[in-house]
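**Student:** Below is model.tsv; it holds TSV, C-alpha atoms.
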```
chain	number	residue	atom	x	y	z
A	75	MET	CA	-5.30	137.86	180.36
A	76	GLY	CA	-3.08	138.13	177.34
A	77	PHE	CA	-2.04	136.28	174.22
A	78	SER	CA	1.43	136.24	172.65
A	79	TYR	CA	3.26	139.46	173.58
A	80	GLY	CA	0.20	140.39	175.59
A	81	GLY	CA	0.68	137.16	177.52
A	82	GLY	CA	4.30	138.07	178.13
A	83	LEU	CA	3.27	141.49	179.43
A	84	ALA	CA	0.60	139.92	181.62
A	85	GLY	CA	3.20	137.52	183.02
A	86	TRP	CA	5.57	140.41	183.75
A	87	GLY	CA	2.69	142.25	185.41
A	88	LEU	CA	2.03	139.33	187.74
A	89	THR	CA	5.59	139.54	189.00
A	90	HIS	CA	5.11	143.20	189.92
A	91	THR	CA	1.63	143.42	191.45
A	92	THR	CA	-0.81	141.33	193.47
A	93	ARG	CA	-3.86	143.35	192.48
A	94	PHE	CA	-5.35	140.72	190.14
A	95	LYS	CA	-7.58	137.86	191.35
A	96	ALA	CA	-6.72	135.55	188.44
A	97	ALA	CA	-4.66	135.52	185.28
A	98	ILE	CA	-4.45	133.62	182.01
A	99	LEU	CA	-1.25	133.59	179.99
A	100	LYS	CA	-1.93	132.24	176.52
A	101	GLU	CA	1.18	131.55	174.47
A	102	PRO	CA	3.10	134.30	176.30
A	103	VAL	CA	6.18	135.57	174.46
A	104	SER	CA	8.24	135.30	176.41
A	105	LEU	CA	8.25	134.51	180.11
A	106	ASP	CA	12.01	134.25	179.88
A	107	MET	CA	12.83	137.36	177.89
A	108	ALA	CA	16.43	137.19	179.04
A	109	ALA	CA	16.91	133.80	177.38
A	110	GLY	CA	15.00	135.06	174.36
A	111	TRP	CA	17.36	137.99	173.88
A	112	ARG	CA	20.46	135.93	174.53
A	113	GLY	CA	19.21	133.37	172.03
A	114	ILE	CA	19.42	135.88	169.20
A	115	TRP	CA	22.05	138.30	170.52
A	116	GLY	CA	24.76	137.45	168.05
A	117	HIS	CA	22.47	137.27	165.02
A	118	PRO	CA	23.14	140.26	162.75
A	119	GLY	CA	20.07	142.32	162.00
A	120	PHE	CA	17.99	140.70	164.67
A	121	GLY	CA	20.07	140.67	167.83
A	122	GLY	CA	22.53	142.76	169.77
A	123	ASP	CA	23.22	145.13	166.89
A	124	VAL	CA	19.52	146.11	166.83
A	125	ILE	CA	18.20	145.40	170.33
A	126	GLY	CA	21.37	146.64	171.96
A	127	LYS	CA	21.14	149.99	170.19
A	128	ASN	CA	17.43	150.36	170.91
A	129	TYR	CA	17.77	149.64	174.61
A	130	GLY	CA	21.26	150.92	175.24
A	131	ILE	CA	22.58	147.52	176.28
A	132	GLU	CA	26.21	146.62	175.80
A	133	SER	CA	25.86	142.97	176.78
A	134	PRO	CA	23.05	140.78	178.13
A	135	TYR	CA	25.58	138.61	179.94
A	136	GLU	CA	27.03	141.05	182.44
A	137	GLY	CA	26.67	144.41	184.16
A	138	GLU	CA	23.69	146.71	183.65
A	139	GLY	CA	22.58	144.85	180.52
A	140	LYS	CA	22.23	141.61	182.45
A	141	LYS	CA	20.31	143.37	185.24
A	142	PHE	CA	18.03	145.10	182.73
A	143	ILE	CA	16.93	142.06	180.77
A	144	GLU	CA	16.42	140.01	183.90
A	145	TYR	CA	14.20	142.78	185.26
A	146	GLU	CA	12.28	142.68	181.98
A	147	SER	CA	11.74	138.91	182.30
A	148	ALA	CA	8.91	137.33	184.26
A	149	LEU	CA	10.73	134.10	185.10
A	150	PRO	CA	13.53	135.45	187.34
A	151	ASN	CA	10.88	137.27	189.38
A	152	VAL	CA	8.41	134.39	189.74
A	153	SER	CA	8.84	134.33	193.52
A	154	ALA	CA	6.79	137.56	193.69
A	155	VAL	CA	3.68	136.05	192.04
A	156	ARG	CA	0.58	135.50	194.19
A	157	THR	CA	-2.06	135.39	191.44
A	158	PRO	CA	-3.71	132.11	190.40
A	159	THR	CA	-2.47	131.58	186.86
A	160	LEU	CA	-3.59	129.44	183.94
A	161	LEU	CA	-0.91	128.89	181.29
A	162	GLU	CA	-1.81	127.62	177.79
A	163	PHE	CA	0.66	126.63	175.10
A	164	GLY	CA	0.60	124.90	171.74
A	165	VAL	CA	3.20	122.15	171.65
A	166	LYS	CA	4.35	123.25	168.19
A	167	SER	CA	4.73	126.90	169.05
A	168	GLY	CA	8.49	126.65	169.37
A	169	GLY	CA	10.13	129.63	170.99
A	170	ALA	CA	6.80	130.96	172.24
A	171	MET	CA	7.01	128.44	175.04
A	172	GLN	CA	10.34	129.78	176.24
A	173	GLY	CA	10.27	129.82	180.03
A	174	GLY	CA	6.68	128.53	180.13
A	175	ASN	CA	7.28	125.29	181.94
A	176	GLU	CA	9.88	126.92	184.20
A	177	PHE	CA	7.44	129.69	185.16
A	178	TYR	CA	4.78	127.07	185.92
A	179	GLN	CA	7.23	125.07	188.05
A	180	GLY	CA	8.07	128.25	189.94
A	181	LEU	CA	4.40	128.92	190.67
A	182	ILE	CA	3.96	125.38	191.98
A	183	TRP	CA	7.11	125.72	194.10
A	184	TYR	CA	5.77	128.90	195.69
A	185	ARG	CA	2.32	127.28	196.14
A	186	VAL	CA	0.54	129.65	193.79
A	187	PRO	CA	-2.52	127.96	192.23
A	188	ALA	CA	-1.55	127.22	188.63
A	189	GLU	CA	-2.42	125.00	185.70
A	190	LEU	CA	-0.33	124.32	182.62
A	191	VAL	CA	-2.21	123.13	179.54
A	192	LEU	CA	-0.36	121.92	176.44
A	193	TYR	CA	-2.39	121.72	173.24
A	194	PRO	CA	-1.41	119.09	170.67
A	195	ARG	CA	-0.93	119.97	166.97
A	196	THR	CA	-1.03	123.67	167.84
A	197	ILE	CA	1.32	126.39	166.68
A	198	HIS	CA	1.37	130.01	167.88
A	199	GLY	CA	-2.33	130.68	167.42
A	200	PHE	CA	-5.18	128.30	168.15
A	201	VAL	CA	-6.89	127.07	165.00
A	202	GLU	CA	-8.34	123.59	165.49
A	203	PRO	CA	-11.97	124.11	166.56
A	204	VAL	CA	-12.18	121.47	169.31
A	205	LEU	CA	-8.99	122.84	170.85
A	206	VAL	CA	-10.22	126.42	170.55
A	207	ALA	CA	-13.42	125.34	172.32
A	208	ASP	CA	-11.48	123.52	175.02
A	209	SER	CA	-9.31	126.58	175.58
A	210	PHE	CA	-12.32	128.92	175.85
A	211	ARG	CA	-14.04	126.58	178.32
A	212	ARG	CA	-10.96	126.31	180.51
A	213	GLU	CA	-10.53	130.07	180.50
A	214	MET	CA	-14.16	130.68	181.47
A	215	LYS	CA	-13.92	128.07	184.21
A	216	TRP	CA	-10.67	129.57	185.52
A	217	PHE	CA	-12.13	133.04	185.82
A	218	GLU	CA	-15.41	131.74	187.26
A	219	ARG	CA	-13.44	129.82	189.88
A	220	TRP	CA	-11.20	132.65	191.03
A	221	LEU	CA	-13.32	135.74	190.43
A	222	SER	CA	-16.23	134.35	192.43
A	223	ARG	CA	-14.20	134.30	195.65
B	23	MET	CA	-26.69	132.79	158.23
B	24	CYS	CA	-23.41	134.27	157.18
B	25	LYS	CA	-25.05	137.32	155.70
B	26	LYS	CA	-26.93	137.72	158.93
B	27	ALA	CA	-23.73	137.42	160.91
B	28	ILE	CA	-21.92	140.07	158.89
B	29	TRP	CA	-24.73	142.54	158.95
B	30	SER	CA	-25.34	141.85	162.62
B	31	ILE	CA	-21.74	142.90	163.27
B	32	ALA	CA	-22.33	146.06	161.26
B	33	GLY	CA	-25.65	146.50	163.03
B	34	THR	CA	-24.06	146.15	166.44
B	35	ALA	CA	-21.50	148.80	165.57
B	36	MET	CA	-24.25	151.13	164.36
B	37	LEU	CA	-26.31	150.54	167.49
B	38	ALA	CA	-23.26	151.31	169.58
B	39	LEU	CA	-22.74	154.56	167.68
B	40	GLU	CA	-26.39	155.39	168.07
B	41	ALA	CA	-26.18	154.75	171.79
B	42	MET	CA	-23.18	157.06	172.06
B	43	ASN	CA	-25.00	159.84	170.26
B	44	SER	CA	-28.29	159.65	172.11
B	45	SER	CA	-29.42	160.22	175.66
B	46	PRO	CA	-29.22	157.24	178.04
B	47	ALA	CA	-32.10	154.83	177.50
B	48	ALA	CA	-33.43	152.13	179.77
B	49	ILE	CA	-31.85	148.74	179.18
B	50	PRO	CA	-34.56	146.38	177.96
B	51	PRO	CA	-35.32	143.50	180.33
B	52	PRO	CA	-34.12	140.03	179.34
B	53	THR	CA	-36.50	138.04	177.21
B	54	PRO	CA	-36.94	134.27	177.29
B	55	GLU	CA	-34.82	134.06	174.14
B	56	THR	CA	-31.79	135.71	175.71
B	57	HIS	CA	-29.18	134.00	177.82
B	58	PRO	CA	-25.70	134.75	179.09
B	59	LEU	CA	-23.04	134.44	176.40
B	60	THR	CA	-21.63	130.92	176.21
B	61	VAL	CA	-18.56	129.45	174.57
B	62	GLU	CA	-20.86	127.83	172.02
B	63	ASP	CA	-22.34	131.24	171.14
B	64	LEU	CA	-18.86	132.61	170.67
B	65	LEU	CA	-17.79	129.77	168.41
B	66	ALA	CA	-20.96	130.12	166.33
B	67	VAL	CA	-20.04	133.69	165.37
B	68	GLN	CA	-18.59	134.13	161.90
B	69	SER	CA	-15.89	136.73	162.34
B	70	VAL	CA	-14.82	139.08	159.59
B	71	ALA	CA	-11.23	138.17	158.79
B	72	ARG	CA	-10.56	140.48	155.86
B	73	VAL	CA	-12.22	143.41	154.16
B	74	GLU	CA	-10.71	144.75	150.95
B	75	LEU	CA	-12.35	147.81	149.42
B	76	SER	CA	-12.08	148.39	145.71
B	77	PRO	CA	-10.04	151.52	144.93
B	78	ASP	CA	-13.21	153.40	143.89
B	79	GLY	CA	-14.95	152.33	147.12
B	80	LYS	CA	-17.96	150.84	145.33
B	81	HIS	CA	-17.29	147.16	145.99
B	82	VAL	CA	-15.82	145.15	148.79
B	83	LEU	CA	-14.26	141.72	149.20
B	84	ILE	CA	-15.26	140.16	152.52
B	85	VAL	CA	-13.66	137.06	154.05
B	86	THR	CA	-15.24	135.47	157.10
B	87	ARG	CA	-13.86	132.82	159.40
B	88	GLY	CA	-15.73	130.40	161.61
B	89	THR	CA	-15.47	127.02	163.24
B	90	ASN	CA	-17.19	123.71	162.72
B	91	LEU	CA	-16.88	121.64	165.86
B	92	THR	CA	-18.42	118.55	164.25
B	93	SER	CA	-15.86	118.32	161.47
B	94	ASN	CA	-13.17	120.00	163.61
B	95	ILE	CA	-11.98	122.24	160.80
B	96	PRO	CA	-11.93	126.02	160.60
B	97	THR	CA	-14.36	127.38	158.02
B	98	SER	CA	-13.96	130.33	155.70
B	99	ASN	CA	-16.30	132.08	153.31
B	100	THR	CA	-15.49	134.70	150.73
B	101	TYR	CA	-17.97	137.22	149.35
B	102	LEU	CA	-18.17	140.08	146.91
B	103	SER	CA	-20.62	142.87	147.57
B	104	GLU	CA	-21.43	146.43	146.72
B	105	THR	CA	-20.74	148.77	149.61
B	106	HIS	CA	-24.18	150.28	150.09
B	107	LEU	CA	-26.40	148.89	152.82
B	108	GLY	CA	-28.67	146.04	151.83
B	109	SER	CA	-26.39	144.74	149.09
B	110	GLU	CA	-26.47	141.05	148.37
B	111	LEU	CA	-23.36	139.04	149.14
B	112	GLN	CA	-22.10	136.92	146.26
B	113	ALA	CA	-20.20	133.82	147.35
B	114	LEU	CA	-16.77	133.50	145.71
B	115	PRO	CA	-14.34	130.57	145.32
B	116	ALA	CA	-12.05	129.91	148.27
B	117	GLU	CA	-8.95	131.12	146.36
B	118	ALA	CA	-10.49	134.58	146.11
B	119	ALA	CA	-9.89	135.07	149.84
B	120	LEU	CA	-6.44	136.43	148.93
B	121	GLY	CA	-7.82	138.42	146.00
B	122	GLN	CA	-6.61	141.85	145.00
B	123	TRP	CA	-8.49	144.60	143.20
B	124	GLN	CA	-7.37	145.88	139.86
B	125	ALA	CA	-6.29	149.49	140.08
B	126	ASP	CA	-9.26	150.53	137.89
B	127	SER	CA	-11.71	148.74	140.25
B	128	ARG	CA	-13.27	146.90	137.33
B	129	ALA	CA	-12.31	143.44	138.53
B	130	LEU	CA	-11.20	141.43	141.49
B	131	THR	CA	-8.27	139.14	140.69
B	132	PHE	CA	-7.01	136.03	142.39
B	133	LEU	CA	-4.52	133.22	141.84
B	134	ARG	CA	-5.64	129.64	141.18
B	135	PRO	CA	-3.06	126.82	140.99
B	136	GLY	CA	-3.33	124.64	137.89
B	137	GLN	CA	-1.49	121.54	136.73
B	138	ASP	CA	1.32	123.30	134.90
B	139	CYS	CA	1.18	126.77	136.30
B	140	THR	CA	-0.76	129.18	138.46
B	141	GLN	CA	-3.33	131.22	136.58
B	142	ILE	CA	-4.70	134.65	137.23
B	143	TRP	CA	-8.48	134.77	137.43
B	144	ARG	CA	-10.63	137.86	137.14
B	145	ILE	CA	-14.10	138.49	138.45
B	146	ALA	CA	-15.54	141.45	136.57
B	147	VAL	CA	-17.71	143.52	138.87
B	148	ASP	CA	-20.24	144.37	136.15
B	149	THR	CA	-20.96	140.77	135.07
B	150	ARG	CA	-19.80	139.02	138.26
B	151	GLN	CA	-18.41	136.25	136.04
B	152	ALA	CA	-15.09	134.61	136.91
B	153	ALA	CA	-12.72	133.80	134.05
B	154	ALA	CA	-9.09	132.79	133.76
B	155	GLN	CA	-6.70	135.02	131.89
B	156	PRO	CA	-5.33	132.46	129.44
B	157	GLU	CA	-2.26	134.51	128.58
B	158	ALA	CA	-1.23	134.78	132.21
B	159	CYS	CA	0.41	131.56	133.32
B	160	LEU	CA	2.82	131.87	136.23
B	161	PRO	CA	5.33	129.02	136.43
B	162	ALA	CA	5.21	127.79	140.01
B	163	LYS	CA	8.00	125.15	139.79
B	164	GLY	CA	6.76	123.24	142.82
B	165	ARG	CA	6.07	126.35	144.80
B	166	MET	CA	2.91	127.93	146.06
B	167	LEU	CA	2.24	131.46	144.92
B	168	THR	CA	0.53	133.28	147.74
B	169	THR	CA	0.37	137.00	148.35
B	170	PHE	CA	0.52	139.24	145.31
B	171	ARG	CA	0.15	142.89	144.33
B	172	TRP	CA	-0.56	144.67	141.06
B	173	SER	CA	1.40	147.64	139.87
B	174	ALA	CA	-0.61	150.84	139.66
B	175	ASP	CA	-0.78	150.61	135.84
B	176	GLY	CA	-1.87	146.96	135.95
B	177	ARG	CA	1.02	145.79	133.77
B	178	PHE	CA	3.15	144.14	136.44
B	179	LEU	CA	2.53	141.65	139.17
B	180	ALA	CA	4.66	141.06	142.24
B	181	PHE	CA	4.08	137.88	144.15
B	182	LEU	CA	5.43	135.84	147.02
B	183	SER	CA	6.29	132.21	146.31
B	184	GLN	CA	7.09	129.56	148.84
B	185	PRO	CA	7.40	125.78	149.03
B	186	PRO	CA	4.28	123.84	149.93
B	187	PRO	CA	3.93	122.82	153.59
B	188	ASN	CA	6.52	120.23	154.70
B	189	ASP	CA	8.59	120.77	151.57
B	190	ALA	CA	12.30	120.07	151.71
B	191	LEU	CA	13.02	123.56	150.45
B	192	GLN	CA	12.23	125.16	153.77
B	193	GLU	CA	15.61	126.88	153.93
B	194	ILE	CA	14.60	129.00	150.99
B	195	SER	CA	11.03	129.25	152.10
B	196	GLN	CA	10.42	132.78	150.99
B	197	ARG	CA	11.73	134.28	147.82
B	198	LEU	CA	10.46	137.42	146.33
B	199	VAL	CA	9.98	137.61	142.63
B	200	ALA	CA	8.50	140.24	140.40
B	201	ILE	CA	7.87	139.44	136.76
B	202	PRO	CA	6.44	141.45	133.92
B	203	GLN	CA	2.85	140.70	133.11
B	204	GLN	CA	1.46	140.95	129.55
B	205	THR	CA	4.57	142.80	128.43
B	206	PRO	CA	7.30	140.17	127.86
B	207	ALA	CA	9.63	142.77	126.43
B	208	GLN	CA	10.09	144.27	129.83
B	209	ALA	CA	13.07	143.07	131.82
B	210	CYS	CA	12.40	140.61	134.61
B	211	ILE	CA	13.15	141.80	138.09
B	212	ASN	CA	14.28	139.09	140.44
B	213	ILE	CA	14.36	140.19	144.02
B	214	ASP	CA	16.11	137.25	145.57
B	215	SER	CA	18.84	138.74	147.68
B	216	ASP	CA	19.94	137.62	151.11
B	217	GLU	CA	18.55	140.87	152.41
B	218	ALA	CA	15.10	140.33	150.97
B	219	ARG	CA	14.89	136.62	151.73
B	220	GLY	CA	12.82	135.55	154.67
B	221	LYS	CA	11.41	138.95	155.51
B	222	GLY	CA	7.90	138.41	154.17
B	223	MET	CA	5.59	141.15	152.98
B	224	ASP	CA	7.48	144.05	154.48
B	225	ALA	CA	10.45	143.01	152.42
B	226	LEU	CA	8.22	142.61	149.37
B	227	ASP	CA	7.03	146.16	149.74
B	228	LEU	CA	10.40	147.60	150.59
B	229	ALA	CA	12.36	145.64	148.03
B	230	CYS	CA	9.93	146.37	145.23
B	231	ARG	CA	9.73	150.03	146.11
B	232	ALA	CA	13.47	150.25	146.31
B	233	SER	CA	14.08	148.43	143.04
B	234	THR	CA	11.31	149.87	140.92
B	235	SER	CA	9.01	152.80	140.80
B	236	TRP	CA	5.90	150.92	139.81
B	237	LEU	CA	4.69	149.24	142.96
B	238	PRO	CA	2.50	151.50	145.08
B	239	ARG	CA	2.81	151.40	148.82
B	240	VAL	CA	-0.01	149.13	150.03
```
Just give me the structure as structure tokens.
**Tutor:**
Amino acid sequence: MGFSYGGGLAGWGLTHTTRFKAAILKEPVSLDMAAGWRGIWGHPGFGGDVIGKNYGIESPYEGEGKKFIEYESALPNVSAVRTPTLLEFGVKSGGAMQGGNEFYQGLIWYRVPAELVLYPRTIHGFVEPVLVADSFRREMKWFERWLSR
Amino acid sequence: MCKKAIWSIAGTAMLALEAMNSSPAAIPPPTPETHPLTVEDLLAVQSVARVELSPDGKHVLIVTRGTNLTSNIPTSNTYLSETHLGSELQALPAEAALGQWQADSRALTFLRPGQDCTQIWRIAVDTRQAAAQPEACLPAKGRMLTTFRWSADGRFLAFLSQPPPNDALQEISQRLVAIPQQTPAQACINIDSDEARGKGMDALDLACRASTSWLPRV
């Protein structure tokens, strides 16, 4: 289970192992890291000039750079997932939801048990008490359901 | 209840330390009062959201967060306390949640918006009385003043100002301004460059440290 970047890491983990009985990705950032990087690549101070240097990537659109960021993304590797997965997003979380619906659709396509829950009025971070409570209850139920098998 | 919650957190930590330092003991059997942790139990816990020690370590500002399912709003409480065990918690106004200690530890300060300007309030630790500093009136010009820091000598104040939620000025949502406090003869420092804009507190620290020598690294 992970929230935010932790959710993104958890999502990536699911595409590389089948050792977990259940997973919860809460506002994962981002399940489509490739799109995330491309979305800011040309922005000075925040894109290719910084990320490119840090990761040794010339371009995210071709060659080794393209391969690298697609390997780093959960979405392009969704066909490898076998773990029942609960996804939770706030509808006002903006870019945090990048790839979220697509990842969920991939799980359904490959017949992996999955639920996608969208929380109204919610940004990146659950604040409204009834929604926090709903989220906690769903998470408990999800783990109870899949860990008891 | 809040006091209980805070000290129960401290107590739990101490018990955990004690357990680590002692030989293994038998786990007590469940009592009728105990039950498996539920979501409701979790939501009833007041979590400690912020702890700000005074520079001399004798007092502490504590901010707790909780939830109220009936009203469906998050709750927050702010307290001032001495740091030794058993100290009473004094409830503070909500604005004090973002309070900052004076460098001499003699008072906790916080910002309170008024009609014409935002005022600096002080809570002296010896009297525990809150009072506005009448000479300190920060012109907000339709903006909210949020995070702030004192200079080490207490003469200057750096603060972050931003438009209120849903304001049309979102494109300039964060500007960093440092103004002289109590010493009008000093030159104003306006840190409002493209570089500083939109980078939040890191930029506040970096920009102020780069531009002046008075702001300590926080």
**Student:** Define the interface residues of chain B facing chain A as those within 8 Å, counting all atoms listed in the file, and report them as a list in words.
**Tutor:**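 Matching residues, ligands excluded from the count: Val61, Glu62, Leu65, Thr89, Asn90, Leu91, Asn94, Ile95 and Pro96 of chain B.
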**Student:** Suppose you want the space between CA of Gly122 in chain A and CA of His90 in chain A; what is it in Å?
**Tutor:**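 Going from CA of Gly122 in chain A over to CA of His90 in chain A, I get 26.6 Å.
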**Student:** Using all atoms listed in the file, can you tell me which of B:Thr60, B:Ser109, B:Gln68, B:Gln137 comes closest to Lys80 in chain B?
**Tutor:**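 Ranking B:Thr60, B:Ser109, B:Gln68, B:Gln137 by distance to Lys80 in chain B, first place goes to B:Ser109.
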**Student:** Excluding Cys159 in chain B and any residue of its chain fewer than 3 positions from it, enumerate the residues within 9 Å of it, using all atoms listed in the file, and give them as a ChimeraX atom specification.
**Tutor:** /B:138-142,155-156
**Student:** Kindly export the residues of the current selection with C-alpha atoms, as a PDB file, keeping the file's coordinate frame.
**Tutor:**
```
ATOM      1  CA  ASP B 138       1.320 123.300 134.900  1.00  0.00           C
ATOM      2  CA  CYS B 139       1.180 126.770 136.300  1.00  0.00           C
ATOM      3  CA  THR B 140      -0.760 129.180 138.460  1.00  0.00           C
ATOM      4  CA  GLN B 141      -3.330 131.220 136.580  1.00  0.00           C
ATOM      5  CA  ILE B 142      -4.700 134.650 137.230  1.00  0.00           C
ATOM      6  CA  GLN B 155      -6.700 135.020 131.890  1.00  0.00           C
ATOM      7  CA  PRO B 156      -5.330 132.460 129.440  1.00  0.00           C
TER       8      PRO B 156
END
```
**Student:** Anything within 10 Å of (-8.0, 132.7, 184.4): list those residues as a PyMOL selection string, counting all atoms listed in the file and sticking to the file's coordinates.
**Tutor:** chain A and resi 75+95-100+157-161+188-189+212-221
**Student:** Go ahead and dump the residues you just picked, C-alpha atoms, as a PDB file, in the coordinates of the input.
**Tutor:**
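Wrote result39.pdb, looks like this:
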```
ATOM      1  CA  MET A  75      -5.300 137.860 180.360  1.00  0.00           C
ATOM      2  CA  LYS A  95      -7.580 137.860 191.350  1.00  0.00           C
ATOM      3  CA  ALA A  96      -6.720 135.550 188.440  1.00  0.00           C
ATOM      4  CA  ALA A  97      -4.660 135.520 185.280  1.00  0.00           C
ATOM      5  CA  ILE A  98      -4.450 133.620 182.010  1.00  0.00           C
ATOM      6  CA  LEU A  99      -1.250 133.590 179.990  1.00  0.00           C
ATOM      7  CA  LYS A 100      -1.930 132.240 176.520  1.00  0.00           C
ATOM      8  CA  THR A 157      -2.060 135.390 191.440  1.00  0.00           C
ATOM      9  CA  PRO A 158      -3.710 132.110 190.400  1.00  0.00           C
ATOM     10  CA  THR A 159      -2.470 131.580 186.860  1.00  0.00           C
ATOM     11  CA  LEU A 160      -3.590 129.440 183.940  1.00  0.00           C
ATOM     12  CA  LEU A 161      -0.910 128.890 181.290  1.00  0.00           C
ATOM     13  CA  ALA A 188      -1.550 127.220 188.630  1.00  0.00           C
ATOM     14  CA  GLU A 189      -2.420 125.000 185.700  1.00  0.00           C
ATOM     15  CA  ARG A 212     -10.960 126.310 180.510  1.00  0.00           C
ATOM     16  CA  GLU A 213     -10.530 130.070 180.500  1.00  0.00           C
ATOM     17  CA  MET A 214     -14.160 130.680 181.470  1.00  0.00           C
ATOM     18  CA  LYS A 215     -13.920 128.070 184.210  1.00  0.00           C
ATOM     19  CA  TRP A 216     -10.670 129.570 185.520  1.00  0.00           C
ATOM     20  CA  PHE A 217     -12.130 133.040 185.820  1.00  0.00           C
ATOM     21  CA  GLU A 218     -15.410 131.740 187.260  1.00  0.00           C
ATOM     22  CA  ARG A 219     -13.440 129.820 189.880  1.00  0.00           C
ATOM     23  CA  TRP A 220     -11.200 132.650 191.030  1.00  0.00           C
ATOM     24  CA  LEU A 221     -13.320 135.740 190.430  1.00  0.00           C
TER      25      LEU A 221
END
```
**Student:** Hey, can you pull every residue with an atom no more than 7 Å from (3.0, 123.2, 176.2), using all atoms listed in the file, and send it as an mmCIF file with C-alpha atoms, in the frame of the given file?
**Tutor:**
```cif
data_model
loop_
_atom_site.group_PDB
_atom_site.id
_atom_site.type_symbol
_atom_site.label_atom_id
_atom_site.label_comp_id
_atom_site.auth_asym_id
_atom_site.auth_seq_id
_atom_site.Cartn_x
_atom_site.Cartn_y
_atom_site.Cartn_z
ATOM 1 C CA GLU A 162 -1.810 127.620 177.790
ATOM 2 C CA PHE A 163 0.660 126.630 175.100
ATOM 3 C CA GLY A 164 0.600 124.900 171.740
ATOM 4 C CA VAL A 165 3.200 122.150 171.650
ATOM 5 C CA MET A 171 7.010 128.440 175.040
ATOM 6 C CA VAL A 191 -2.210 123.130 179.540
ATOM 7 C CA LEU A 192 -0.360 121.920 176.440
ATOM 8 C CA TYR A 193 -2.390 121.720 173.240
#
```
**Student:** Please compute the CA of Glu104 in chain B-CA of Ser69 in chain B distance, one decimal, in Å.
**Tutor:**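 Between CA of Glu104 in chain B and CA of Ser69 in chain B the gap is 19.2 Å.
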**Student:** By how many Å are CA of Gly136 in chain B and CA of Ala154 in chain B apart?
**Tutor:** 10.8 Å
**Student:** Give me the residues within 12 Å of Gly126 in chain A as an MDAnalysis selection string, counting only C-alpha atoms and dropping any in the same chain fewer than 3 places off.
**Tutor:** chainID A and resid 111:112 114:123 129:134 138:140 142:143
**Student:** Grab all the atoms of range 95-110 of chain B that the file lists, wrap them in a box along x, y and z, add 5 Å per side, and give me centre plus edge lengths in Å (one decimal) as lines of an AutoDock Vina configuration file.
**Tutor:**
```
center_x = -20.3
center_y = 136.3
center_z = 153.8
size_x = 26.7
size_y = 38.0
size_z = 24.1
```
**Student:** List the neighbours of Asp78 in chain B out to 12 Å using all atoms listed in the file; skip same-chain residues closer than 5 positions along the sequence, and give me the result as an MDAnalysis selection string.
**Tutor:** chainID B and resid 104:105 123:129 147
**Student:** Keeping only C-alpha atoms, write those residues as an mmCIF file, keeping the file's coordinate frame.
**Tutor:**
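Output (part-v2.cif):
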```cif
data_model
loop_
_atom_site.group_PDB
_atom_site.id
_atom_site.type_symbol
_atom_site.label_atom_id
_atom_site.label_comp_id
_atom_site.auth_asym_id
_atom_site.auth_seq_id
_atom_site.Cartn_x
_atom_site.Cartn_y
_atom_site.Cartn_z
ATOM 1 C CA GLU B 104 -21.430 146.430 146.720
ATOM 2 C CA THR B 105 -20.740 148.770 149.610
ATOM 3 C CA TRP B 123 -8.490 144.600 143.200
ATOM 4 C CA GLN B 124 -7.370 145.880 139.860
ATOM 5 C CA ALA B 125 -6.290 149.490 140.080
ATOM 6 C CA ASP B 126 -9.260 150.530 137.890
ATOM 7 C CA SER B 127 -11.710 148.740 140.250
ATOM 8 C CA ARG B 128 -13.270 146.900 137.330
ATOM 9 C CA ALA B 129 -12.310 143.440 138.530
ATOM 10 C CA VAL B 147 -17.710 143.520 138.870
#
```
